[in-house]
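**Student:** Could you have a look at this structure, given as structure tokens, before my questions?
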Amino acid sequence: MDDVSIRLEGVSLCYRLAKQRVPSFKEYAIHFLRGALSYEQLWALKEVDLTVRRGESLGIVGRNGAGKSTLLKVISQVLKPTRGTAAIDGRLAPILELGSGFDYELTGLENVYLNALLLGHSRRDIDGKVDEIVEFSGLGDFIRSPLRNYSSGMQARLGFSIATAWVPDILILDEVLAVGDATFTEKCERRLQRFHDSGATVLLVSHTLDAVIKNCARCIWLDDGRVRADGAAREVVSLYRREHGTEPVEHEGGRLQAQA
Amino acid sequence: MREIYRYRDLVFALVARELKVRYKRSAIGFLWTMLQPLLMMLVLQVVFSSLFRFKLAFGNYPVFAFAGLLFWNFFSQSIVASMNSLKGNATLLRKLPIPKEVFPLATVISGVINLCFAIVPLLLILVVTEHRLSPALLFLPISILLAALFTLGAGLLLSPLAVFFSDVVEMIGVVLSILMYMTPVIYPMEILKDSRFLPLVRFNPVRSILEVFRDPIYQGEVPPLTHLTVCLVIAVGALAVGAWAFRRSSDRIPFYI
């Protein structure tokens with residue numbers, strides 16, 4: 001039991017679709033009187049069982065809308081499963097989207113503090129790490145200018161540097177390795193490797209299948225909210241490739257992934 | 001509870017940001033916090049001294065009204081701001097596992113700080129109108145604490161509702177203006193002596209909290225222990241109900257925001 005860091009049992013998660021939402025009392029009353037408070041339900045996850053051991057690096061692949069991000073949100077305890085249980089053991093560092101919570105009017109440095117506070121660190125912790133964060137981000141003097149002047153790559157570098165400054169028990173990365181330039185990506189991967197060596201559990205969602213093979217030993221393939229395959233990264237990725245062509249060029253949430 | 005304590009530095013940062021935003025935007029900055037009730041008080045002074053006449057136990061309507069308005073502004077603005085605080089941080093709530101209470105909490109704390117700033121012009125008015133400066137004024141921190149607990153409770157109760165139903169914010173705006181007239185903010189409760197509305201005002205919990213704030217300023221007296229006990233029960237009760245309701249709906253917030 002001790003070496004399990006994530007255990008999902010029969011996890012299902014249901015979204016009520018946005019257009020079906022009842023936004024006002026009036027509509028609520030109308031629906032209620034009709035006796036039809038029914039929503040169009042979208043089951044983003046269906047009966048997912050998943051056990052991740054401490055120190056494992058797990059890749060998650062799947063098409064858009066397969067439930068990858070939802071799964072990560074359940075694991076990082078942002079969303080509570082509609083059914084089933086999610087037991088997470090250890091300190092999480094969720095990077096669901098780099099720089100969620102950045103304030104564009106503040107400088108890079110101020111954002112380091114804000115962002116790290118949002119991740120649950122104390123001011124004193126941050127004081128001790130801030131130099132290292134700035135150093136790793138490679139932003140140099142840019143750190144003193146407002147974030148609105150940053151390119152998206154620079155923001156991503158800052159976000160990654162903040163989130164990975166503390167060695168977590170569980171690191172969650174959603175499509176983030178692809179954003180920086182090649183040198184930075186390499187730097188990130190070295191850091192991931194170091195986390196891995198120090199026994200952290202790493203979860204990586206990526207459409208860059210080579211990145212999954214390179215960084216993860218194990219991989220699961222999510223398809224329509226279910227785990228379609230679970231096994232060695234190389235095998236699962238090749239199964240997935242067989243079904244979806246060689247390298248599907250996909251975009252998610254407007255972020256276009258150009259493939260090498 | 002422990003979770004929120006862990007995020008205490010975040011709460012302070014949110015408070016600092018809220019105050020900064022508020023005072024950066026306008027030219028005369030945080031003077032507005034003091035000017036707004038001051039101007040309102042002048043208007044009320046004109047209206048009430050020439051149109052409606054009533055006798056105040058201690059005279060000096062400006063002090064009476066100003067103290068009342070300080071409390072009321074804190075109470076109503078904090079509630080509205082708490083309701084907007086969750087919606088305003090929707091992107092964060094959808095992505096990070098933050099204890100969601102920190103947002104209403106930070107809002108109410110910055111409200112308290114604004115209230116403290118506004119006590120400066122209040123003291124000025126006391127001096128100018130030659131009102132009695134009583135040692136009871138030293139009781140104000142406790143009054144403010146009670147008001148803050150009560151307001152936080154209301155904010156925690158209402159802010160998830162604002163996420164689930166978008167018209168709650170408008171509705172609460174109306175409720176608050178009705179409530180203001182049900183609370184002796186700008187008139188003394190004595191004028192209702194023979195009115196059938198008296199029970200509405202008398203048993204309004206906001207009235208009790210208001211009086212604990214105003215009595216030390218206006219009457220120069222620390223409220224009697226019985227009244228304080230009632231207020232403590234009301235404030236802690238409101239906070240308990242609010243915190244409970246918030247916890248209960250907390251898991252559903254990311255789905256609706």
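Each chain in the structure tokens gets a letter, A, B, ..., in the order shown, and its residues are numbered from 1; ligands are numbered from 1 in order too.
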Excluding A:Glu135 and residues on its chain fewer than 2 positions from it, collect all residues at most 12 Å away from it, counting only C-alpha atoms, and give them as a PDB file with C-alpha atoms, in the first residue's frame.

**Tutor:**
ATOM      1  CA  LEU A 109       8.996  38.593 -10.344  1.00  0.00           C
ATOM      2  CA  LYS A 129      13.593  29.785  -4.084  1.00  0.00           C
ATOM      3  CA  VAL A 130      13.055  32.939  -6.062  1.00  0.00           C
ATOM      4  CA  ASP A 131      16.620  33.299  -7.331  1.00  0.00           C
ATOM      5  CA  GLU A 132      16.694  29.724  -8.503  1.00  0.00           C
ATOM      6  CA  ILE A 133      13.346  30.157 -10.268  1.00  0.00           C
ATOM      7  CA  SER A 137      13.567  30.435 -16.407  1.00  0.00           C
ATOM      8  CA  GLY A 138      16.462  32.150 -18.185  1.00  0.00           C
ATOM      9  CA  LEU A 139      14.445  35.338 -18.439  1.00  0.00           C
ATOM     10  CA  GLY A 140      17.241  37.592 -17.213  1.00  0.00           C
ATOM     11  CA  ASP A 141      16.284  41.241 -16.933  1.00  0.00           C
ATOM     12  CA  PHE A 142      12.881  40.526 -18.413  1.00  0.00           C
ATOM     13  CA  ILE A 143      11.839  39.333 -14.977  1.00  0.00           C
ATOM     14  CA  ARG A 157       9.158  29.010 -19.138  1.00  0.00           C
ATOM     15  CA  LEU A 158       8.334  31.068 -16.098  1.00  0.00           C
ATOM     16  CA  SER A 161      10.200  27.135 -13.459  1.00  0.00           C
ATOM     17  CA  ILE A 162       7.845  28.105 -10.659  1.00  0.00           C
ATOM     18  CA  ALA A 165      11.079  24.657  -8.157  1.00  0.00           C
TER      19      ALA A 165
END

**Student:** Check the DSSP output for the backbone and give back, as number ranges by chain, the residues of stretch 9-237 of chain B in alpha helix (DSSP H).

**Tutor:** B: 9-25, 31-50, 61-88, 90-95, 102-128, 140-164, 168-181, 198-202, 205-218, 225-237

**Student:** For atom CA of A:Val74 and atom CA of B:Phe103, determine how far apart the two atoms are, in Å to one decimal place.

**Tutor:**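 Calculated distance between atom CA of A:Val74 and atom CA of B:Phe103 is 21.7 Å.
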
**Student:** Using only C-alpha atoms for the distances, tell me which of A:Thr51, A:Ser122, A:Thr70, A:Ser5 is nearest to chain B.

**Tutor:** A:Ser122

**Student:** I'd like to know which of B:Thr91, B:Ser134, B:Ser76, B:Thr183 is closest to B:Ala148, using only C-alpha atoms.

**Tutor:**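 Going through B:Thr91, B:Ser134, B:Ser76, B:Thr183 one by one, the smallest distance to B:Ala148 is for B:Ser76.
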
**Student:** When you get a sec, could you note down which chain B residues fall within 6 Å of chain A, using only C-alpha atoms, as an MDAnalysis selection string?

**Tutor:** chainID B and resid 7 9:10 92 96:97 165:167

**Student:** Just how far from atom CA of B:Val112 is atom CA of B:Phe12, in Å to one decimal?

**Tutor:**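 Atom CA of B:Val112 lies 12.8 Å from atom CA of B:Phe12.
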
**Student:** Give me, please, the distance in Å between atom CA of B:Asn84 and atom CA of B:Met40, quoted to one decimal.

**Tutor:**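 Atom CA of B:Met40 lies at a distance of 24.7 Å from atom CA of B:Asn84.
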
**Student:** Near A:Asn215, within 8 Å and counting only C-alpha atoms, which residues show up once chain neighbours fewer than 4 positions away are dropped, as a PDB file with N, CA and C atoms, in the first residue's frame?

**Tutor:**
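Output file result.pdb is given in full below:
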ATOM      1  N   SER A  57       6.577   6.997 -13.851  1.00  0.00           N
ATOM      2  CA  SER A  57       6.246   8.104 -14.746  1.00  0.00           C
ATOM      3  C   SER A  57       5.236   7.590 -15.759  1.00  0.00           C
ATOM      4  N   GLY A  59       2.603   8.306 -18.851  1.00  0.00           N
ATOM      5  CA  GLY A  59       2.132   9.160 -19.932  1.00  0.00           C
ATOM      6  C   GLY A  59       0.659   8.897 -20.169  1.00  0.00           C
ATOM      7  N   GLU A 189      13.268  18.566 -19.567  1.00  0.00           N
ATOM      8  CA  GLU A 189      13.331  17.107 -19.516  1.00  0.00           C
ATOM      9  C   GLU A 189      14.391  16.633 -18.539  1.00  0.00           C
ATOM     10  N   LEU A 192      12.833  16.898 -15.215  1.00  0.00           N
ATOM     11  CA  LEU A 192      11.899  15.780 -15.011  1.00  0.00           C
ATOM     12  C   LEU A 192      12.644  14.522 -14.615  1.00  0.00           C
ATOM     13  N   GLN A 193      13.747  14.315 -15.326  1.00  0.00           N
ATOM     14  CA  GLN A 193      14.552  13.134 -15.052  1.00  0.00           C
ATOM     15  C   GLN A 193      15.047  13.161 -13.602  1.00  0.00           C
ATOM     16  N   ALA A 211       7.669  12.510 -26.988  1.00  0.00           N
ATOM     17  CA  ALA A 211       7.959  13.012 -25.639  1.00  0.00           C
ATOM     18  C   ALA A 211       7.452  12.026 -24.599  1.00  0.00           C
TER      19      ALA A 211
END

**Student:** Identify, on the basis of only C-alpha atoms, every residue whose closest approach to B:Leu69 does not exceed 9 Å; exclude the query and any residue fewer than 2 positions from it along the same chain; express the result as a PyMOL selection string.

**Tutor:** chain B and resi 37+40-41+64-67+71-74+185-186

**Student:** Taking C-alpha atoms for each residue, export the selection above as a PDB file, in the first residue's frame.

**Tutor:**
ATOM      1  CA  PRO B  37     -19.505  58.259   3.459  1.00  0.00           C
ATOM      2  CA  MET B  40     -23.393  60.722   1.867  1.00  0.00           C
ATOM      3  CA  MET B  41     -23.580  62.019   5.405  1.00  0.00           C
ATOM      4  CA  PHE B  64     -24.945  59.058  14.085  1.00  0.00           C
ATOM      5  CA  ALA B  65     -25.353  58.751  10.325  1.00  0.00           C
ATOM      6  CA  PHE B  66     -21.662  58.599   9.510  1.00  0.00           C
ATOM      7  CA  ALA B  67     -20.997  55.768  11.946  1.00  0.00           C
ATOM      8  CA  PHE B  71     -20.780  49.939   9.019  1.00  0.00           C
ATOM      9  CA  TRP B  72     -23.339  49.593   6.284  1.00  0.00           C
ATOM     10  CA  ASN B  73     -20.871  50.246   3.478  1.00  0.00           C
ATOM     11  CA  PHE B  74     -18.516  47.671   4.897  1.00  0.00           C
ATOM     12  CA  VAL B 185     -28.574  52.959   9.762  1.00  0.00           C
ATOM     13  CA  ILE B 186     -29.713  56.480   8.983  1.00  0.00           C
TER      14      ILE B 186
END

**Student:** B:Leu156, B:Leu35, B:Leu149, B:Leu225: which is nearest B:Lys100, counting only C-alpha atoms?

**Tutor:**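 Checking each candidate against B:Lys100, we get B:Leu156 as the closest.
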
**Student:** Residues within 10 Å of B:Glu18, please, as a list in words. Count only C-alpha atoms; anything in the same chain fewer than 6 positions from it doesn't count.

**Tutor:** Phe12, Lys24, Ala106, Thr107, Ile109, Ser110 and Gly111 of chain B

**Student:** Could you save those same residues with C-alpha atoms as a PDB file, in the first residue's frame?

**Tutor:**
ATOM      1  CA  PHE B  12      -2.570  38.402   2.369  1.00  0.00           C
ATOM      2  CA  LYS B  24      -4.515  52.816  -7.934  1.00  0.00           C
ATOM      3  CA  ALA B 106      -9.578  38.032   1.363  1.00  0.00           C
ATOM      4  CA  THR B 107     -12.479  40.212   0.246  1.00  0.00           C
ATOM      5  CA  ILE B 109     -10.338  41.327   5.164  1.00  0.00           C
ATOM      6  CA  SER B 110      -9.736  44.088   2.646  1.00  0.00           C
ATOM      7  CA  GLY B 111     -13.175  45.442   3.573  1.00  0.00           C
TER       8      GLY B 111
END
